[in-house]
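K.L.:
Pasting query-v5.cif here (mmCIF, C-alpha atoms and all ligand atoms):
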```cif
data_final
loop_
_atom_site.label_atom_id
_atom_site.label_comp_id
_atom_site.auth_asym_id
_atom_site.auth_seq_id
_atom_site.Cartn_x
_atom_site.Cartn_y
_atom_site.Cartn_z
CA MET A 251 -35.25 60.12 -21.11
CA GLY A 252 -32.59 61.53 -18.84
CA ARG A 253 -29.34 63.27 -19.44
CA ILE A 254 -26.80 61.43 -21.60
CA GLU A 255 -23.55 60.98 -19.68
CA ALA A 256 -20.37 61.39 -21.71
CA SER A 257 -16.79 61.21 -20.45
CA GLY A 258 -14.01 63.72 -21.08
CA ALA A 259 -11.44 61.16 -19.92
CA ARG A 260 -12.58 58.67 -22.55
CA ALA A 261 -12.50 61.40 -25.21
CA TYR A 262 -8.97 62.35 -24.09
CA GLY A 263 -7.87 58.74 -24.76
CA HIS A 264 -8.85 59.23 -28.42
CA VAL A 265 -6.89 62.50 -28.59
CA GLU A 266 -3.81 60.72 -27.22
CA TYR A 267 -4.12 57.94 -29.75
CA LEU A 268 -4.62 60.25 -32.73
CA ALA A 269 -1.93 62.80 -31.78
CA ASN A 270 0.69 60.66 -30.00
CA SER A 271 0.37 57.18 -31.53
CA ILE A 272 -0.50 58.30 -35.08
CA GLY A 273 0.70 61.93 -35.30
CA PRO A 274 0.45 64.25 -38.31
CA ARG A 275 -2.10 62.82 -40.75
CA PRO A 276 -2.50 64.98 -43.86
CA SER A 277 -5.15 63.72 -46.27
CA GLY A 278 -3.75 61.05 -48.61
CA SER A 279 -1.05 59.92 -46.14
CA LYS A 280 -0.68 56.47 -44.57
CA ARG A 281 -1.31 58.03 -41.18
CA ALA A 282 -4.63 59.47 -42.33
CA LEU A 283 -5.57 55.91 -43.35
CA ARG A 284 -4.64 54.67 -39.86
CA ALA A 285 -6.80 57.37 -38.32
CA ALA A 286 -9.78 56.40 -40.50
CA LYS A 287 -9.34 52.75 -39.50
CA TYR A 288 -9.19 53.68 -35.82
CA ILE A 289 -12.37 55.78 -36.06
CA ARG A 290 -14.15 53.00 -37.94
CA GLU A 291 -13.19 50.35 -35.38
CA GLU A 292 -14.28 52.53 -32.47
CA LEU A 293 -17.70 53.24 -34.02
CA GLU A 294 -18.18 49.54 -34.79
CA ARG A 295 -17.33 48.69 -31.20
CA TYR A 296 -20.26 50.86 -30.08
CA GLY A 297 -22.54 48.77 -32.31
CA LEU A 298 -23.04 51.37 -35.05
CA GLU A 299 -23.32 50.51 -38.73
CA VAL A 300 -20.24 52.03 -40.39
CA GLN A 301 -19.76 52.93 -44.04
CA MET A 302 -16.50 54.13 -45.63
CA ASP A 303 -17.07 56.75 -48.31
CA PRO A 304 -13.98 57.24 -50.54
CA PHE A 305 -13.36 60.27 -52.75
CA GLY A 306 -10.36 61.64 -54.66
CA PRO A 307 -9.24 65.12 -53.65
CA LEU A 308 -6.00 66.71 -54.85
CA VAL A 309 -3.62 66.44 -51.88
CA PHE A 310 0.00 67.17 -51.08
CA SER A 311 3.01 65.47 -49.55
CA GLY A 312 6.46 66.86 -49.03
CA GLU A 313 9.28 67.99 -46.77
CA ALA A 314 11.24 71.22 -46.47
CA ARG A 315 14.60 72.32 -45.11
CA VAL A 316 16.40 75.66 -44.96
CA GLU A 317 20.18 76.08 -44.76
CA VAL A 318 22.12 79.25 -44.11
CA LEU A 319 25.36 78.80 -46.08
CA GLY A 320 28.81 80.27 -45.50
CA ASN A 321 31.31 80.29 -42.64
CA ASP A 322 28.89 79.55 -39.85
CA PRO A 323 26.31 77.30 -41.54
CA MET A 324 22.92 76.67 -39.99
CA GLY A 325 20.34 73.95 -40.69
CA ILE A 326 16.72 74.82 -40.02
CA GLU A 327 13.64 72.60 -39.83
CA ALA A 328 10.81 73.86 -41.99
CA ILE A 329 7.29 72.81 -42.93
CA PRO A 330 6.45 73.06 -46.62
CA LEU A 331 3.31 75.01 -47.43
CA MET A 332 0.82 72.62 -49.02
CA PHE A 333 1.03 72.88 -52.84
CA SER A 334 4.46 74.51 -52.63
CA GLY A 335 6.58 74.17 -55.72
CA ALA A 336 9.39 71.57 -55.57
CA THR A 337 13.12 72.18 -55.83
CA GLY A 338 15.60 69.64 -57.14
CA ALA A 339 17.73 67.67 -54.66
CA GLY A 340 20.21 70.57 -54.60
CA GLY A 341 17.50 73.05 -53.63
CA VAL A 342 17.41 76.67 -54.73
CA VAL A 343 20.20 78.95 -53.54
CA GLY A 344 19.93 82.72 -53.37
CA ASP A 345 20.63 85.84 -51.35
CA LEU A 346 18.31 86.26 -48.40
CA ILE A 347 16.07 89.33 -48.41
CA TYR A 348 13.79 90.26 -45.52
CA LEU A 349 10.35 91.59 -46.40
CA GLY A 350 9.50 92.56 -42.83
CA ALA A 351 7.72 91.12 -39.82
CA ARG A 352 4.32 92.27 -41.09
CA PRO A 353 4.71 92.31 -44.87
CA GLY A 354 2.15 94.42 -46.67
CA ALA A 355 1.38 95.78 -50.10
CA GLY A 356 4.10 96.77 -52.54
CA ILE A 357 6.02 93.46 -52.63
CA SER A 358 5.03 92.72 -56.22
CA ARG A 359 6.66 96.02 -57.27
CA MET A 360 10.00 95.04 -55.69
CA ASP A 361 12.80 93.26 -57.56
CA LEU A 362 13.38 89.94 -55.81
CA SER A 363 14.97 88.21 -58.83
CA GLY A 364 16.76 85.05 -57.78
CA ARG A 365 16.44 85.90 -54.09
CA ILE A 366 15.09 83.84 -51.21
CA ALA A 367 12.46 86.02 -49.55
CA LEU A 368 11.88 85.78 -45.80
CA ALA A 369 8.77 87.40 -44.30
CA GLY A 370 6.78 87.34 -41.09
CA GLU A 371 3.32 85.79 -41.07
CA PRO A 372 1.23 88.36 -42.93
CA PRO A 373 -1.55 90.09 -40.97
CA GLY A 374 -5.15 89.12 -41.64
CA ASN A 375 -6.82 85.80 -42.42
CA PRO A 376 -3.95 83.31 -43.04
CA PHE A 377 -6.03 81.33 -45.56
CA THR A 378 -5.95 84.30 -47.93
CA ALA A 379 -3.02 86.39 -46.66
CA ILE A 380 -0.38 83.64 -46.95
CA PRO A 381 -1.20 82.64 -50.56
CA ARG A 382 -1.33 86.36 -51.48
CA LEU A 383 2.11 87.00 -49.97
CA VAL A 384 3.68 83.99 -51.75
CA ARG A 385 2.10 85.03 -55.05
CA ALA A 386 3.36 88.63 -54.70
CA ALA A 387 6.92 87.46 -53.90
CA ALA A 388 6.85 85.06 -56.88
CA ASP A 389 5.59 87.84 -59.18
CA ALA A 390 8.54 89.95 -58.02
CA GLY A 391 10.91 87.14 -59.07
CA ALA A 392 11.67 85.40 -55.77
CA ALA A 393 13.27 81.96 -56.22
CA GLY A 394 11.79 80.79 -52.93
CA VAL A 395 9.65 82.07 -50.07
CA ILE A 396 10.14 81.43 -46.36
CA ILE A 397 7.48 82.61 -43.90
CA HIS A 398 8.18 82.75 -40.18
CA ALA A 399 5.80 82.55 -37.23
CA ARG A 400 5.29 85.71 -35.17
CA SER A 401 5.96 83.56 -32.13
CA GLY A 402 6.47 79.85 -31.53
CA GLY A 403 6.87 77.00 -33.98
CA PRO A 404 6.43 76.80 -37.74
CA LYS A 405 2.86 76.53 -39.03
CA GLY A 406 1.17 74.30 -41.58
CA PHE A 407 -0.95 76.16 -44.13
CA SER A 408 -2.03 75.65 -47.71
CA LEU A 409 -1.41 77.57 -50.89
CA GLU A 410 -3.80 77.45 -53.81
CA ALA A 411 -3.61 74.05 -55.54
CA GLY A 412 -2.39 74.11 -59.13
CA ALA A 413 -1.27 77.75 -58.96
CA GLY A 414 2.35 77.18 -60.05
CA ASN A 415 3.64 78.25 -56.64
CA PRO A 416 7.36 78.83 -55.94
CA PRO A 417 9.13 76.62 -53.35
CA SER A 418 7.61 77.85 -50.06
CA ALA A 419 8.07 76.85 -46.45
CA PHE A 420 7.27 77.96 -42.91
CA ILE A 421 9.83 78.26 -40.06
CA SER A 422 9.68 79.10 -36.34
CA SER A 423 10.13 82.61 -34.93
CA ASP A 424 13.38 81.54 -33.18
CA ASP A 425 14.93 80.28 -36.41
CA ALA A 426 13.92 83.47 -38.21
CA PHE A 427 15.64 85.45 -35.44
CA SER A 428 18.86 83.46 -36.02
CA MET A 429 18.67 83.97 -39.79
CA LEU A 430 18.13 87.71 -39.38
CA GLY A 431 21.10 87.79 -36.98
CA ALA A 432 23.27 86.18 -39.66
CA LEU A 433 22.00 88.64 -42.27
CA ALA A 434 22.67 91.63 -40.00
CA SER A 435 26.20 90.57 -39.06
CA ARG A 436 27.31 89.48 -42.54
CA GLY A 437 25.49 92.04 -44.66
CA ARG A 438 24.92 89.35 -47.27
CA CYS A 439 23.58 85.89 -46.55
CA ARG A 440 23.31 82.94 -48.93
CA VAL A 441 20.45 80.56 -48.20
CA ARG A 442 19.45 77.21 -49.63
CA LEU A 443 15.79 76.17 -49.62
CA ARG A 444 14.98 72.55 -50.35
CA VAL A 445 11.39 71.43 -50.83
CA SER A 446 10.39 67.95 -51.95
CA ALA A 447 6.78 68.37 -52.99
CA ARG A 448 4.19 66.26 -54.70
CA ALA A 449 0.57 67.15 -55.46
CA PHE A 450 -1.50 64.11 -56.37
CA GLU A 451 -5.04 62.85 -56.56
CA SER A 452 -5.53 60.86 -53.38
CA ARG A 453 -6.61 57.24 -53.73
CA SER A 454 -7.05 56.79 -50.01
CA SER A 455 -9.08 59.79 -48.83
CA GLN A 456 -12.36 58.80 -47.25
CA ASN A 457 -15.12 59.97 -44.96
CA VAL A 458 -16.14 57.58 -42.19
CA ARG A 459 -19.93 57.49 -41.71
CA ALA A 460 -21.80 55.74 -38.90
CA PHE A 461 -25.52 55.45 -38.32
CA LEU A 462 -27.57 55.32 -35.16
CA GLY A 463 -31.32 54.84 -35.39
CA PRO A 464 -33.44 55.16 -38.55
CA ARG A 465 -31.62 56.28 -41.71
CA ASP A 466 -34.54 58.07 -43.40
CA GLY A 467 -37.82 59.64 -42.35
CA ARG A 468 -37.71 63.28 -41.37
CA GLY A 469 -33.94 63.61 -41.60
CA ARG A 470 -30.92 62.72 -39.56
CA VAL A 471 -28.99 64.94 -37.20
CA VAL A 472 -25.37 64.94 -38.40
CA ILE A 473 -22.53 65.18 -35.87
CA CYS A 474 -19.25 65.71 -37.69
CA SER A 475 -15.54 66.50 -37.33
CA HIS A 476 -12.49 66.33 -39.59
CA TYR A 477 -9.65 63.91 -38.83
CA ASP A 478 -6.97 65.11 -41.26
CA THR A 479 -4.27 67.57 -40.16
CA VAL A 480 -2.01 70.13 -41.79
CA MET A 481 1.62 69.17 -42.53
CA GLY A 482 3.85 68.74 -39.50
CA SER A 483 1.22 69.06 -36.76
CA PRO A 484 0.07 66.13 -34.60
CA GLY A 485 -3.37 67.74 -34.58
CA ALA A 486 -4.36 67.02 -30.98
CA ASN A 487 -6.71 69.99 -30.79
CA ASP A 488 -7.07 70.44 -34.59
CA ASN A 489 -8.86 68.18 -34.79
CA GLY A 490 -8.21 65.13 -32.65
CA SER A 491 -10.37 66.91 -30.07
CA GLY A 492 -13.37 67.13 -32.40
CA VAL A 493 -13.07 63.51 -33.51
CA ALA A 494 -12.69 62.44 -29.88
CA CYS A 495 -15.87 64.26 -28.80
CA MET A 496 -17.76 62.89 -31.79
CA LEU A 497 -16.69 59.32 -30.89
CA GLU A 498 -17.53 59.74 -27.22
CA ALA A 499 -20.95 61.23 -28.03
CA ALA A 500 -21.60 58.25 -30.35
CA ARG A 501 -20.63 55.81 -27.60
CA ALA A 502 -22.76 57.58 -25.01
CA LEU A 503 -25.85 57.76 -27.23
CA ALA A 504 -25.49 54.12 -28.32
CA GLU A 505 -25.02 52.98 -24.73
CA ALA A 506 -28.07 54.99 -23.62
CA GLY A 507 -30.13 53.12 -26.24
CA HIS A 508 -30.96 56.34 -28.08
CA GLU A 509 -33.34 55.67 -30.97
CA GLY A 510 -33.48 58.94 -32.94
CA GLY A 511 -31.74 59.22 -36.32
CA VAL A 512 -28.19 60.45 -35.81
CA GLU A 513 -25.29 60.12 -38.25
CA PHE A 514 -21.68 60.55 -37.15
CA VAL A 515 -19.25 61.56 -39.89
CA ALA A 516 -15.47 61.91 -39.70
CA PHE A 517 -14.37 64.01 -42.67
CA ASP A 518 -11.07 63.78 -44.51
CA ALA A 519 -9.39 66.63 -46.48
CA GLU A 520 -10.59 69.65 -44.51
CA GLU A 521 -7.13 71.24 -44.41
CA PRO A 522 -5.79 71.42 -48.00
CA HIS A 523 -6.95 74.13 -50.40
CA PRO A 524 -9.77 74.52 -51.49
CA TYR A 525 -10.66 73.36 -47.93
CA CYS A 526 -13.46 71.25 -46.48
CA MET A 527 -13.34 68.83 -49.41
CA GLY A 528 -14.62 65.89 -47.32
CA SER A 529 -17.69 67.73 -46.11
CA ARG A 530 -18.37 69.17 -49.56
CA HIS A 531 -18.19 65.67 -51.04
CA TYR A 532 -20.54 64.46 -48.31
CA VAL A 533 -23.14 67.21 -48.75
CA GLY A 534 -22.92 66.94 -52.55
CA SER A 535 -23.56 63.20 -52.48
CA HIS A 536 -27.05 63.69 -51.01
CA ARG A 537 -29.62 63.85 -53.79
CA ASP A 538 -32.20 64.98 -51.24
CA PRO A 539 -30.73 67.49 -48.76
CA ARG A 540 -33.80 66.96 -46.54
CA ALA A 541 -32.17 63.66 -45.53
CA ILE A 542 -30.04 65.92 -43.31
CA LYS A 543 -32.06 67.74 -40.67
CA CYS A 544 -29.14 69.77 -39.36
CA ALA A 545 -25.42 69.42 -38.69
CA ILE A 546 -23.19 70.17 -35.72
CA ALA A 547 -19.51 70.41 -36.69
CA ILE A 548 -16.87 70.06 -33.98
CA ASP A 549 -13.44 71.57 -34.60
CA MET A 550 -10.82 72.50 -31.96
CA VAL A 551 -12.63 72.03 -28.67
CA GLY A 552 -9.85 70.98 -26.27
CA VAL A 553 -7.70 74.12 -25.85
CA GLY A 554 -8.85 77.59 -24.90
CA LEU A 555 -6.80 80.44 -23.56
CA ARG A 556 -8.78 83.47 -24.67
CA LYS A 557 -9.99 85.79 -21.95
CA GLY A 558 -13.26 84.55 -20.59
CA ASN A 559 -12.31 81.03 -21.66
CA VAL A 560 -15.73 79.65 -22.53
CA PRO A 561 -16.98 77.22 -25.15
CA ALA A 562 -18.39 78.89 -28.23
CA LEU A 563 -20.62 78.47 -31.23
CA LYS A 564 -19.59 79.87 -34.59
CA ALA A 565 -21.64 80.71 -37.66
CA LEU A 566 -23.87 83.13 -35.87
CA TYR A 567 -24.29 86.29 -37.77
CA ARG A 568 -27.41 87.64 -39.45
CA ALA A 569 -26.06 87.17 -42.92
CA GLY A 570 -22.51 87.03 -44.16
CA TYR A 571 -20.57 86.33 -47.30
CA HIS A 572 -18.60 83.20 -47.95
CA ARG A 573 -16.88 83.01 -51.35
CA GLY A 574 -19.42 85.42 -52.77
CA LYS A 575 -22.43 83.56 -51.38
CA VAL A 576 -24.64 85.00 -48.67
CA LEU A 577 -25.09 82.53 -45.83
CA GLN A 578 -27.96 82.90 -43.38
CA THR A 579 -27.70 82.34 -39.70
CA PRO A 580 -29.22 79.05 -38.50
CA GLY A 581 -30.70 80.87 -35.52
CA ARG A 582 -33.08 78.15 -34.36
CA LEU A 583 -30.41 75.45 -34.31
CA ASP A 584 -28.04 77.69 -32.36
CA SER A 585 -30.73 78.64 -29.87
CA GLU A 586 -31.55 74.97 -29.33
CA ILE A 587 -27.90 74.03 -28.69
CA ILE A 588 -27.51 76.99 -26.33
CA ARG A 589 -30.69 75.99 -24.48
CA VAL A 590 -29.53 72.36 -24.12
CA SER A 591 -26.19 73.64 -22.78
CA ARG A 592 -27.91 75.93 -20.27
CA ASP A 593 -29.94 72.95 -19.00
CA LEU A 594 -26.60 71.19 -18.45
CA GLY A 595 -25.31 74.23 -16.53
CA ILE A 596 -22.98 75.31 -19.35
CA THR A 597 -22.79 78.82 -20.80
CA LEU A 598 -22.16 78.66 -24.53
CA VAL A 599 -21.36 81.99 -26.18
CA ARG A 600 -22.20 83.00 -29.72
CA LEU A 601 -19.37 84.30 -31.88
CA MET A 602 -20.47 86.71 -34.56
CA GLU A 603 -18.24 85.22 -37.25
CA VAL A 604 -18.63 82.31 -39.64
CA GLY A 605 -15.09 80.88 -39.54
CA LEU A 606 -13.97 78.25 -41.98
CA SER A 607 -14.72 74.66 -41.15
CA ASP A 608 -17.03 71.87 -42.25
CA HIS A 609 -20.24 73.60 -41.11
CA VAL A 610 -19.80 76.00 -44.05
CA SER A 611 -20.35 73.14 -46.55
CA PHE A 612 -23.77 72.52 -45.02
CA LEU A 613 -24.70 76.21 -44.79
CA ARG A 614 -23.83 76.69 -48.45
CA ALA A 615 -26.28 73.90 -49.33
CA GLY A 616 -29.02 75.55 -47.28
CA ILE A 617 -28.78 73.07 -44.39
CA ASP A 618 -28.80 74.40 -40.80
CA ALA A 619 -25.36 73.92 -39.28
CA SER A 620 -23.33 75.20 -36.35
CA LEU A 621 -19.70 74.91 -35.33
CA LEU A 622 -18.58 74.13 -31.80
CA ARG A 623 -15.17 75.57 -30.88
CA TRP A 624 -13.23 76.58 -27.79
CA MET A 625 -11.31 79.86 -28.25
CA ASP A 626 -8.34 80.42 -28.58
CA ASP A 627 -5.52 77.98 -29.41
CA PRO A 628 -1.94 79.39 -29.43
CA PHE A 629 -0.60 76.07 -30.82
CA TYR A 630 -2.91 76.13 -33.86
CA HIS A 631 -1.34 74.40 -36.92
CA THR A 632 2.07 73.96 -35.23
CA PRO A 633 4.13 70.92 -34.18
CA ASP A 634 3.20 71.89 -30.59
CA ASP A 635 -0.48 70.97 -31.06
CA GLY A 636 0.04 67.91 -28.85
CA ALA A 637 -2.17 65.99 -26.46
CA ALA A 638 -0.47 67.57 -23.42
CA ASN A 639 -2.14 70.91 -24.25
CA VAL A 640 -5.62 69.41 -24.51
CA ASP A 641 -7.82 69.71 -21.43
CA PRO A 642 -9.98 66.61 -20.73
CA ARG A 643 -12.47 68.79 -18.81
CA LYS A 644 -13.11 70.90 -21.89
CA LEU A 645 -13.62 67.72 -23.90
CA GLY A 646 -16.08 66.48 -21.28
CA ILE A 647 -18.13 69.67 -21.48
CA MET A 648 -18.24 69.52 -25.28
CA CYS A 649 -19.12 65.78 -25.34
CA SER A 650 -21.97 66.51 -23.01
CA ILE A 651 -23.31 69.36 -25.16
CA ILE A 652 -23.00 67.25 -28.33
CA ALA A 653 -24.58 64.06 -26.99
CA ASN A 654 -27.50 65.84 -25.36
CA SER A 655 -28.09 68.20 -28.31
CA ALA A 656 -28.08 65.25 -30.71
CA ALA A 657 -30.53 63.38 -28.48
CA ILE A 658 -32.96 66.28 -28.34
CA LEU A 659 -32.62 67.44 -31.96
CA SER A 660 -33.15 63.91 -33.28
CA GLY A 661 -36.33 63.90 -31.31
CA SER A 662 -36.79 60.59 -29.55
CA SER A 663 -36.44 62.25 -26.18
CA ASP A 664 -39.44 63.23 -24.05
CA ARG A 665 -37.97 66.73 -24.05
CA GLY A 666 -37.94 66.71 -27.86
CA ALA A 667 -39.82 69.05 -30.17
CA GLY A 668 -43.16 67.26 -29.69
CA ALA A 669 -43.12 67.72 -25.93
CA ARG A 670 -42.73 71.47 -25.88
ZN ZN A 701 -9.54 72.05 -38.10
#
```
Reformat the file's structure so that it appears as structure tokens.
Ligand SMILES: [Zn+2]

P.N.:
Amino acid sequence: MGRIEASGARAYGHVEYLANSIGPRPSGSKRALRAAKYIREELERYGLEVQMDPFGPLVFSGEARVEVLGNDPMGIEAIPLMFSGATGAGGVVGDLIYLGARPGAGISRMDLSGRIALAGEPPGNPFTAIPRLVRAAADAGAAGVIIHARSGGPKGFSLEAGAGNPPSAFISSDDAFSMLGALASRGRCRVRLRVSARAFESRSSQNVRAFLGPRDGRGRVVICSHYDTVMGSPGANDNGSGVACMLEAARALAEAGHEGGVEFVAFDAEEPHPYCMGSRHYVGSHRDPRAIKCAIAIDMVGVGLRKGNVPALKALYRAGYHRGKVLQTPGRLDSEIIRVSRDLGITLVRLMEVGLSDHVSFLRAGIDASLLRWMDDPFYHTPDDGAANVDPRKLGIMCSIIANSAAILSGSSDRGAGAR
């Protein structure tokens, strides 16, 4: 069996549809439903058997707006943090206080009673640093919390669900600059923060599963990506790019008449706290984990500006902690993917960090899994994560790695495990 040919241009068409025609698609939204329907119809068009797998995560919907009050009023677009508290229609009004561009320890000992706290994006891992900052400001009495980007647009992130969070929103670095200008010139600055927010159990969240080849036997190779986005981001790279490459690999393998057992899964609800809910539901629904031979997760593979600018594999450390659990490196799977890439003339580098994406759900269940990613994306989780920033050539390289790895790992190729 020869090389499987996959097209970056075709994959780019999926990115355009998901990011431009559909747009932001947080889990539980109508747009997430449209994305699921699109993915389903594509997979059916390739002749795969598709199964929708619904589940009910706690999700969030809402909108946020900031106003600087007074003589020279200013209206500012904001993105609510997922699981932010809600304000009434009149919002919360308070004096603005700036906690610094890189807020650190000591906030919870301050007196922020009745104030609207503004702070730069805290240093460190945003998945833990942002909830910690909001919690500290709330403990100090803040009536609302506004976080600003260090550069560029506002970002979508999640707070802890059910934590009784204060009204919290994210704004751009430019808008923060204007607010700080107003504070500096006036000495005192009244601000209104309005957040409409609703946390609810989703009745429309679902994973889309599609099967190629035999469904049992020695285990399927799972190729997966999440299709939901954070609030306010069209999600072209995160993760329209991963879904696009998954779809194009499915098409290419089906068209090549591949007969090994491969399952393609598009996960919902990766983005809201406690994260990766779609993949956790998926892994948890398997009574026999041996039904899954290994998993390749694809997340953010169409933008890459980091020095060196090469595609990368994550989850490659000897042993590391994730939420208190030691995860082992799936060294053999990684080596196999790297070898397949080398045969295609592609250098894939190993990153010595686990990251947080759907591969972690598999690793935690003891299933070999790797994450494909292209580093780094300056538009991550912002309204600027649009199709125009996604590079079809990068998608083409990733599609090629995925389709050929899936072919070899699922073992109906003459270069498969039996032949070597
Ligand atoms: Zn993602």

K.L.:
Determine the nearest neighbour of Gly273 (chain A) from the options A:Ala637, A:Ala261, A:Leu319, A:Gly646, counting only C-alpha atoms.

P.N.:
A:Ala637

K.L.:
Can you tell me which residues surround Gly490 (chain A) at a distance of at most 10 Å, considering all atoms listed in the file, apart from same-chain residues fewer than 5 positions away, and format the answer as a list in words?

P.N.:
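The residues that qualify are Ala261, Tyr262, His264, Val265, Glu266, Tyr267, Leu268, Ala269, Gly273, Ala285, Ser475, His476, Tyr477, Asp478, Thr479, Pro484, Gly485, Cys495, Met496, Asp549, Met550, Val551, Gly552, Asp635, Gly636, Ala637 and Val640 of chain A.
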
K.L.:
Within 12 Å of ligand ZN 701 (chain A) (counting all atoms listed in the file), which residues show up? I'd like them as number ranges by chain.

P.N.:
A: 276, 406-407, 474-480, 483-493, 516-522, 525-526, 547-552, 605-609, 621-624, 627, 630-631, 635

K.L.:
Taking into account all atoms listed in the file, which residue in the set A:Met360, A:Pro404, A:Ala504, A:Ser455 is nearest to Leu293 (chain A)?

P.N.:
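Once distances to Leu293 (chain A) are computed over all atoms listed in the file, the minimum belongs to A:Ala504.
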
K.L.:
To one decimal in Å, tell me the separation between CA of Arg468 (chain A) and CA of Gly534 (chain A).

P.N.:
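These two atoms are separated by 18.9 Å.
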
K.L.:
Could you check how far CA of Phe310 (chain A) sits from CA of Arg382 (chain A), in Å to one decimal?

P.N.:
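Result for CA of Phe310 (chain A) versus CA of Arg382 (chain A): 19.2 Å, one decimal.
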
K.L.:
Pick from A:Ala328, A:Ile421, A:Gly661, A:Ala619: nearest to Ser529 (chain A), with only C-alpha atoms counted?

P.N.:
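Closest candidate: A:Ala619.
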
K.L.:
In Å to one decimal, how far is CA of Ala656 (chain A) from CA of Leu497 (chain A)?

P.N.:
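Pair CA of Leu497 (chain A) / CA of Ala656 (chain A) returns 12.8 Å.
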
K.L.:
Show which residues sit within 12 Å of Arg501 (chain A), as a VMD selection string. Count only C-alpha atoms, and ignore same-chain residues fewer than 6 positions away.

P.N.:
chain A and resid 254 to 257 260 to 261 289 292 to 298 460 to 462 494 to 495 507 to 508 514 649 to 650 652 to 653

K.L.:
Taking (10.1, 78.8, -35.4) in the file's own coordinates, collect the residues within 12 Å, counting all atoms listed in the file, and hand them back as an mmCIF file with C-alpha atoms, keeping the file's coordinate frame.

P.N.:
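Output file result_31.cif follows:
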```
data_model
loop_
_atom_site.group_PDB
_atom_site.id
_atom_site.type_symbol
_atom_site.label_atom_id
_atom_site.label_comp_id
_atom_site.auth_asym_id
_atom_site.auth_seq_id
_atom_site.Cartn_x
_atom_site.Cartn_y
_atom_site.Cartn_z
ATOM 1 C CA VAL A 316 16.400 75.660 -44.960
ATOM 2 C CA ILE A 326 16.720 74.820 -40.020
ATOM 3 C CA GLU A 327 13.640 72.600 -39.830
ATOM 4 C CA ALA A 328 10.810 73.860 -41.990
ATOM 5 C CA ILE A 329 7.290 72.810 -42.930
ATOM 6 C CA GLY A 370 6.780 87.340 -41.090
ATOM 7 C CA GLU A 371 3.320 85.790 -41.070
ATOM 8 C CA ILE A 396 10.140 81.430 -46.360
ATOM 9 C CA ILE A 397 7.480 82.610 -43.900
ATOM 10 C CA HIS A 398 8.180 82.750 -40.180
ATOM 11 C CA ALA A 399 5.800 82.550 -37.230
ATOM 12 C CA ARG A 400 5.290 85.710 -35.170
ATOM 13 C CA SER A 401 5.960 83.560 -32.130
ATOM 14 C CA GLY A 402 6.470 79.850 -31.530
ATOM 15 C CA GLY A 403 6.870 77.000 -33.980
ATOM 16 C CA PRO A 404 6.430 76.800 -37.740
ATOM 17 C CA LYS A 405 2.860 76.530 -39.030
ATOM 18 C CA GLY A 406 1.170 74.300 -41.580
ATOM 19 C CA ALA A 419 8.070 76.850 -46.450
ATOM 20 C CA PHE A 420 7.270 77.960 -42.910
ATOM 21 C CA ILE A 421 9.830 78.260 -40.060
ATOM 22 C CA SER A 422 9.680 79.100 -36.340
ATOM 23 C CA SER A 423 10.130 82.610 -34.930
ATOM 24 C CA ASP A 424 13.380 81.540 -33.180
ATOM 25 C CA ASP A 425 14.930 80.280 -36.410
ATOM 26 C CA ALA A 426 13.920 83.470 -38.210
ATOM 27 C CA PHE A 427 15.640 85.450 -35.440
ATOM 28 C CA SER A 428 18.860 83.460 -36.020
ATOM 29 C CA MET A 429 18.670 83.970 -39.790
ATOM 30 C CA PHE A 629 -0.600 76.070 -30.820
ATOM 31 C CA THR A 632 2.070 73.960 -35.230
ATOM 32 C CA PRO A 633 4.130 70.920 -34.180
ATOM 33 C CA ASP A 634 3.200 71.890 -30.590
#
```

K.L.:
Write out as a list in words each polymer residue whose atoms come within 6 Å of region 362-364 of chain A, counting only C-alpha atoms; drop sequence neighbours fewer than 2 positions from it.

P.N.:
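Once the nearby chain positions are removed, what remains is Gly344, Ala390, Gly391, Ala392 and Ala393 of chain A.
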
K.L.:
Any chance you can output those residues with C-alpha atoms as a compact mmCIF listing (two decimals), in the coordinates of the input?

P.N.:
```txt
# COMPACT_ATOMS: atom_id res chain seq x y z
CA GLY A 344 19.93 82.72 -53.37
CA ALA A 390 8.54 89.95 -58.02
CA GLY A 391 10.91 87.14 -59.07
CA ALA A 392 11.67 85.40 -55.77
CA ALA A 393 13.27 81.96 -56.22
```

K.L.:
Can you work out which one of A:Lys287, A:Arg440, A:Arg592, A:Arg530 has the shortest atom-to-atom distance to Glu317 (chain A), counting all atoms listed in the file?

P.N.:
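Of all the options, A:Arg440 lies closest to Glu317 (chain A).
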
K.L.:
Ranking A:Pro323, A:Gly258, A:Gly354, A:Pro304 by minimum distance to Ser535 (chain A) and counting only C-alpha atoms, which one comes first?

P.N.:
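Smallest distance to Ser535 (chain A) is found for A:Pro304.
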
K.L.:
Calculated over all atoms listed in the file, which of the candidates A:Leu613, A:Ala541, A:Leu331, A:Val309 has the smallest distance to Ser279 (chain A)?

P.N.:
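Smallest separation from Ser279 (chain A) among the options: A:Val309.
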